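Written out below as structure tokens is the structure these notes cover.
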Amino acid sequence: MNVKSFKTIDEQVEILKDKGLVIDDVDFAKDILLRENYFFLSGYRHLFLKTPRDRMFIKDTNFRELYAMFNFDRQVRNIIFKNLLIIENNLKSVFSYQLSRKYGYHEKNYLNPKNFTNISSKSKQVNDLIKKMKRQIRVNGGQHSATMHYISNYGYIPLWIVVKVLSFGIISELYTILKSEDQVDIAKVFNVDAECLLVYLPILANYRNLCAHEDILYDHKTQRVIDNCKYHELLGIPKMDGEYIYGKGDLFALIIILKYMLRKDEFTLLINELSYEIDILEGKLNVINIDKVLDMIGFPKNYKEIARLD
């Protein structure tokens, strides 16, 4: 078994130089490596390597280009994250409204197993998720002023307050155990089919967690892929072996989901902010073309057109 040994910042600089990376400001490189972590920074090296299996950088690749890609990913991650938080809040609001209206707002009402699917194969999942929700209410309920207010004054927490302490993952799983008519009612709010929302929610939860933990975003691929939709066709995304090459299990697939679920003004702002960051990155690249980055993140060259499509 190979063992990774500790490397000093000076040694990390030398390793990068030995791989052909140009470092014209050693002090700057050392500061970035110390602050940002060699491992995470080197996660962006793949775009700048001569071949996928070659550990050597393309001739004249500069440390500043590598850092520009790292910083680009951070800025995009921040943009995506704030929009995912909007959707998370929207989903929690819609869930609480629809379920409270139909089943009541007291815990004994909205956590009644009879309110959920009666498919026998999901009975264990229903009971387990109710336990998870009760646990999150118990653990997190005392940490929020709103939940504490309801507990102190009313002795229970209505669902529209409970959702504040539930994780996106819990909300995503909750949708899978709702009765089909409730799934349809919630999906209608976002103008998508219930079957599509069943696919979208775990993808949204996956990206939400990735962004929250500052993991590498640009080349992330999801286990699940979204179905073909009108935006694949309208943007003229090319196919390979009968499958669209962009917008299925990549970052652009998430953009398509956000197109459906954000308001038009919110989505337009999202695309404008992403376009700005892409333009900034393009101005800092020398040894590779911005098209290589777009291809890696799954963006077609005409990605901006999605903002004006209905």
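By convention in this document, the chains of the structure tokens carry letters A, B, ... by their order, each chain's residues are numbered from 1, and ligands are numbered from 1 in the order they are shown.
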
Margin query: List as a ChimeraX atom specification the protein and nucleic acid residues near Leu294 of chain A, meaning an atom at most 9 Å away when only C-alpha atoms are counted, but skip any in the same chain fewer than 6 places from it.
Written below: /A:278,300-301

Convert the current residue selection to file output with N, CA and C atoms, as a compact mmCIF listing (two decimals), in the first residue's frame.
```
# COMPACT_ATOMS: atom_id res chain seq x y z
N ILE A 278 -17.34 33.46 -16.25
CA ILE A 278 -16.72 32.78 -17.39
C ILE A 278 -15.87 33.76 -18.19
N PRO A 300 -22.97 24.04 -23.18
CA PRO A 300 -22.84 24.28 -24.62
C PRO A 300 -22.37 25.72 -24.85
N LYS A 301 -21.79 26.00 -26.01
CA LYS A 301 -21.26 27.34 -26.27
C LYS A 301 -22.34 28.41 -26.21
```

Checklist line | Distance query segment 170-187 of chain A at most 10 Å, only C-alpha atoms, self and fewer than 3 positions along chain excluded, as a PyMOL selection string | finding: chain A and resi 88+91-92+94-95+97-99+102+113-119+122-123+125-126+129-130+132-133+136+163+166-167+190-205+261

Go ahead and save the residues from that selection, with C-alpha atoms, as a compact mmCIF listing (two decimals), in the first residue's frame.
```txt
# COMPACT_ATOMS: atom_id res chain seq x y z
CA GLU A 88 -34.67 25.10 -0.69
CA LEU A 91 -39.65 23.95 -1.50
CA LYS A 92 -40.00 24.06 2.27
CA VAL A 94 -44.64 24.87 -0.64
CA PHE A 95 -44.34 21.57 1.26
CA TYR A 97 -48.41 24.95 2.88
CA GLN A 98 -49.72 22.01 0.87
CA LEU A 99 -49.40 19.45 3.67
CA LYS A 102 -54.56 19.07 3.79
CA PRO A 113 -48.13 7.74 8.88
CA LYS A 114 -51.57 7.61 7.23
CA ASN A 115 -50.77 10.88 5.44
CA PHE A 116 -48.08 9.20 3.36
CA THR A 117 -48.00 6.56 0.65
CA ASN A 118 -49.64 3.24 1.44
CA ILE A 119 -47.32 1.28 -0.83
CA LYS A 122 -42.27 1.89 1.41
CA SER A 123 -43.80 1.42 4.86
CA GLN A 125 -39.12 4.18 4.75
CA VAL A 126 -42.19 6.12 5.91
CA LEU A 129 -38.36 9.20 7.87
CA ILE A 130 -40.94 10.20 10.46
CA LYS A 132 -35.73 11.26 11.37
CA MET A 133 -38.03 14.28 11.27
CA GLN A 136 -34.32 16.76 13.82
CA VAL A 163 -39.33 22.96 7.87
CA LEU A 166 -35.25 20.07 8.40
CA SER A 167 -32.36 19.42 6.05
CA PHE A 190 -42.88 24.55 -10.16
CA ASN A 191 -44.49 23.68 -13.51
CA VAL A 192 -42.82 20.27 -13.68
CA ASP A 193 -44.09 16.70 -13.66
CA ALA A 194 -44.06 14.80 -10.37
CA GLU A 195 -41.79 12.17 -11.95
CA CYS A 196 -39.31 14.87 -12.95
CA LEU A 197 -39.32 16.39 -9.47
CA LEU A 198 -38.55 12.96 -8.01
CA VAL A 199 -35.35 13.03 -10.07
CA TYR A 200 -34.58 16.72 -9.53
CA LEU A 201 -34.74 16.78 -5.73
CA PRO A 202 -31.88 14.35 -4.96
CA ILE A 203 -29.74 16.13 -7.57
CA LEU A 204 -30.48 19.47 -5.93
CA ALA A 205 -29.69 18.00 -2.50
CA MET A 261 -37.64 25.97 -10.55
```

Next item on the list: For Ile237 of chain A, list every protein, DNA or RNA residue within 10 Å, evaluated using only C-alpha atoms, and leave out those in the same chain fewer than 5 positions away; present the list as a VMD selection string.
Entry: chain A and resid 231 to 232 243 to 247 299 to 303

I need the chosen residues saved as an mmCIF file, in the first residue's frame, with N, CA and C atoms.
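Output file selection-v1.cif is given in full below:
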```cif
data_model
loop_
_atom_site.group_PDB
_atom_site.id
_atom_site.type_symbol
_atom_site.label_atom_id
_atom_site.label_comp_id
_atom_site.auth_asym_id
_atom_site.auth_seq_id
_atom_site.Cartn_x
_atom_site.Cartn_y
_atom_site.Cartn_z
ATOM 1 N N TYR A 231 -35.292 21.997 -23.515
ATOM 2 C CA TYR A 231 -34.116 22.866 -23.567
ATOM 3 C C TYR A 231 -32.934 22.189 -24.245
ATOM 4 N N HIS A 232 -32.826 20.878 -24.133
ATOM 5 C CA HIS A 232 -31.791 20.159 -24.874
ATOM 6 C C HIS A 232 -31.975 20.379 -26.373
ATOM 7 N N GLU A 243 -27.365 10.020 -27.225
ATOM 8 C CA GLU A 243 -27.543 10.727 -25.954
ATOM 9 C C GLU A 243 -26.960 12.130 -26.041
ATOM 10 N N TYR A 244 -27.656 13.081 -25.442
ATOM 11 C CA TYR A 244 -27.135 14.446 -25.399
ATOM 12 C C TYR A 244 -25.827 14.468 -24.613
ATOM 13 N N ILE A 245 -24.835 15.193 -25.125
ATOM 14 C CA ILE A 245 -23.523 15.189 -24.470
ATOM 15 C C ILE A 245 -23.454 16.192 -23.324
ATOM 16 N N TYR A 246 -24.383 17.132 -23.273
ATOM 17 C CA TYR A 246 -24.427 18.108 -22.177
ATOM 18 C C TYR A 246 -25.818 18.122 -21.552
ATOM 19 N N GLY A 247 -25.875 18.509 -20.288
ATOM 20 C CA GLY A 247 -27.161 18.727 -19.640
ATOM 21 C C GLY A 247 -27.885 17.473 -19.201
ATOM 22 N N PHE A 299 -21.305 22.833 -20.359
ATOM 23 C CA PHE A 299 -22.016 23.978 -20.913
ATOM 24 C C PHE A 299 -21.861 24.014 -22.434
ATOM 25 N N PRO A 300 -22.966 24.044 -23.183
ATOM 26 C CA PRO A 300 -22.844 24.283 -24.621
ATOM 27 C C PRO A 300 -22.368 25.724 -24.846
ATOM 28 N N LYS A 301 -21.788 25.997 -26.005
ATOM 29 C CA LYS A 301 -21.257 27.338 -26.272
ATOM 30 C C LYS A 301 -22.341 28.406 -26.213
ATOM 31 N N ASN A 302 -23.572 28.026 -26.540
ATOM 32 C CA ASN A 302 -24.686 28.985 -26.541
ATOM 33 C C ASN A 302 -25.498 28.912 -25.250
ATOM 34 N N TYR A 303 -24.832 28.555 -24.144
ATOM 35 C CA TYR A 303 -25.535 28.339 -22.872
ATOM 36 C C TYR A 303 -26.366 29.527 -22.437
#
```

Item checked: Residue list (strand (DSSP E or B), DSSP) for segment 133-294 of chain A, as a ChimeraX atom specification -> /A:178,239-240,243-244

Note to self: Using only C-alpha atoms, which protein or nucleic acid residues come within 7 Å of Ile226 of chain A? Drop anything in the same chain fewer than 5 positions from it, and give the result as a list in words.
What the structure shows: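 What passes the distance filter is Val199, Lys248, Gly249 and Ala253 of chain A.
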
Check: Which residues come within 7 Å of segment 65-75 of chain A, counting only C-alpha atoms, excluding same-chain residues fewer than 4 positions away, as a ChimeraX atom specification?
Finding: /A:41,44-45,61,79,217-218,277,281,284-285

Item checked: Residues of segment 183-218 of chain A in helix (DSSP H, G or I), written as a list in words ->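 Here is the list: Gln183, Val184, Asp185, Ile186, Ala187, Lys188, Val189, Ala194, Glu195, Cys196, Leu197, Leu198, Val199, Tyr200, Leu201, Pro202, Ile203, Leu204, Ala205, Asn206, Tyr207, Arg208, Asn209, Leu210, Cys211 and Ala212 of chain A.
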
Next item on the list: Would you kindly return, as a count of residues only, each protein, DNA or RNA residue with an atom no farther than 10 Å from any atom of Asn62 of chain A, considering only C-alpha atoms and excluding same-chain residues fewer than 6 positions away?
Entry: 12

Note to self: If we count only C-alpha atoms and set the cut-off at 12 Å, which residues sit around Ile137 of chain A, ignoring sequence neighbours fewer than 6 positions away in its own chain? Please answer as a list in words.
What the structure shows: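 Surrounding residues, per the criterion: Glu107, Leu111, Ile130, Lys131, Gln143, His144, Thr147, Met148, Ile151, Tyr156, Ile157, Pro158, Leu159, Ile161, Val162, Val163, Lys164, Val165, Leu166, Ser167 and Ile170 of chain A.
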
Using the selection just defined, write its residues with C-alpha atoms as a compact mmCIF listing (two decimals), in the first residue's frame.
```txt
# COMPACT_ATOMS: atom_id res chain seq x y z
CA GLU A 107 -47.28 17.46 14.86
CA LEU A 111 -46.52 13.30 11.13
CA ILE A 130 -40.94 10.20 10.46
CA LYS A 131 -38.41 9.20 13.13
CA GLN A 143 -31.67 26.23 18.53
CA HIS A 144 -34.06 28.48 16.62
CA THR A 147 -39.32 26.87 17.12
CA MET A 148 -38.56 27.81 20.73
CA ILE A 151 -42.79 25.21 21.98
CA TYR A 156 -46.04 22.20 19.53
CA ILE A 157 -44.37 23.36 16.32
CA PRO A 158 -46.45 23.79 13.14
CA LEU A 159 -45.05 22.37 9.92
CA ILE A 161 -41.93 26.37 11.30
CA VAL A 162 -40.61 22.80 11.46
CA VAL A 163 -39.33 22.96 7.87
CA LYS A 164 -36.80 25.54 9.02
CA VAL A 165 -34.88 22.88 10.95
CA LEU A 166 -35.25 20.07 8.40
CA SER A 167 -32.36 19.42 6.05
CA ILE A 170 -34.98 15.18 4.53
```

Checklist line | Atomic separation - atom CA of Met240 of chain A relative to atom CA of Thr51 of chain A, Å | finding: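 Interatomic distance, atom CA of Thr51 of chain A to atom CA of Met240 of chain A: 21.9 Å.
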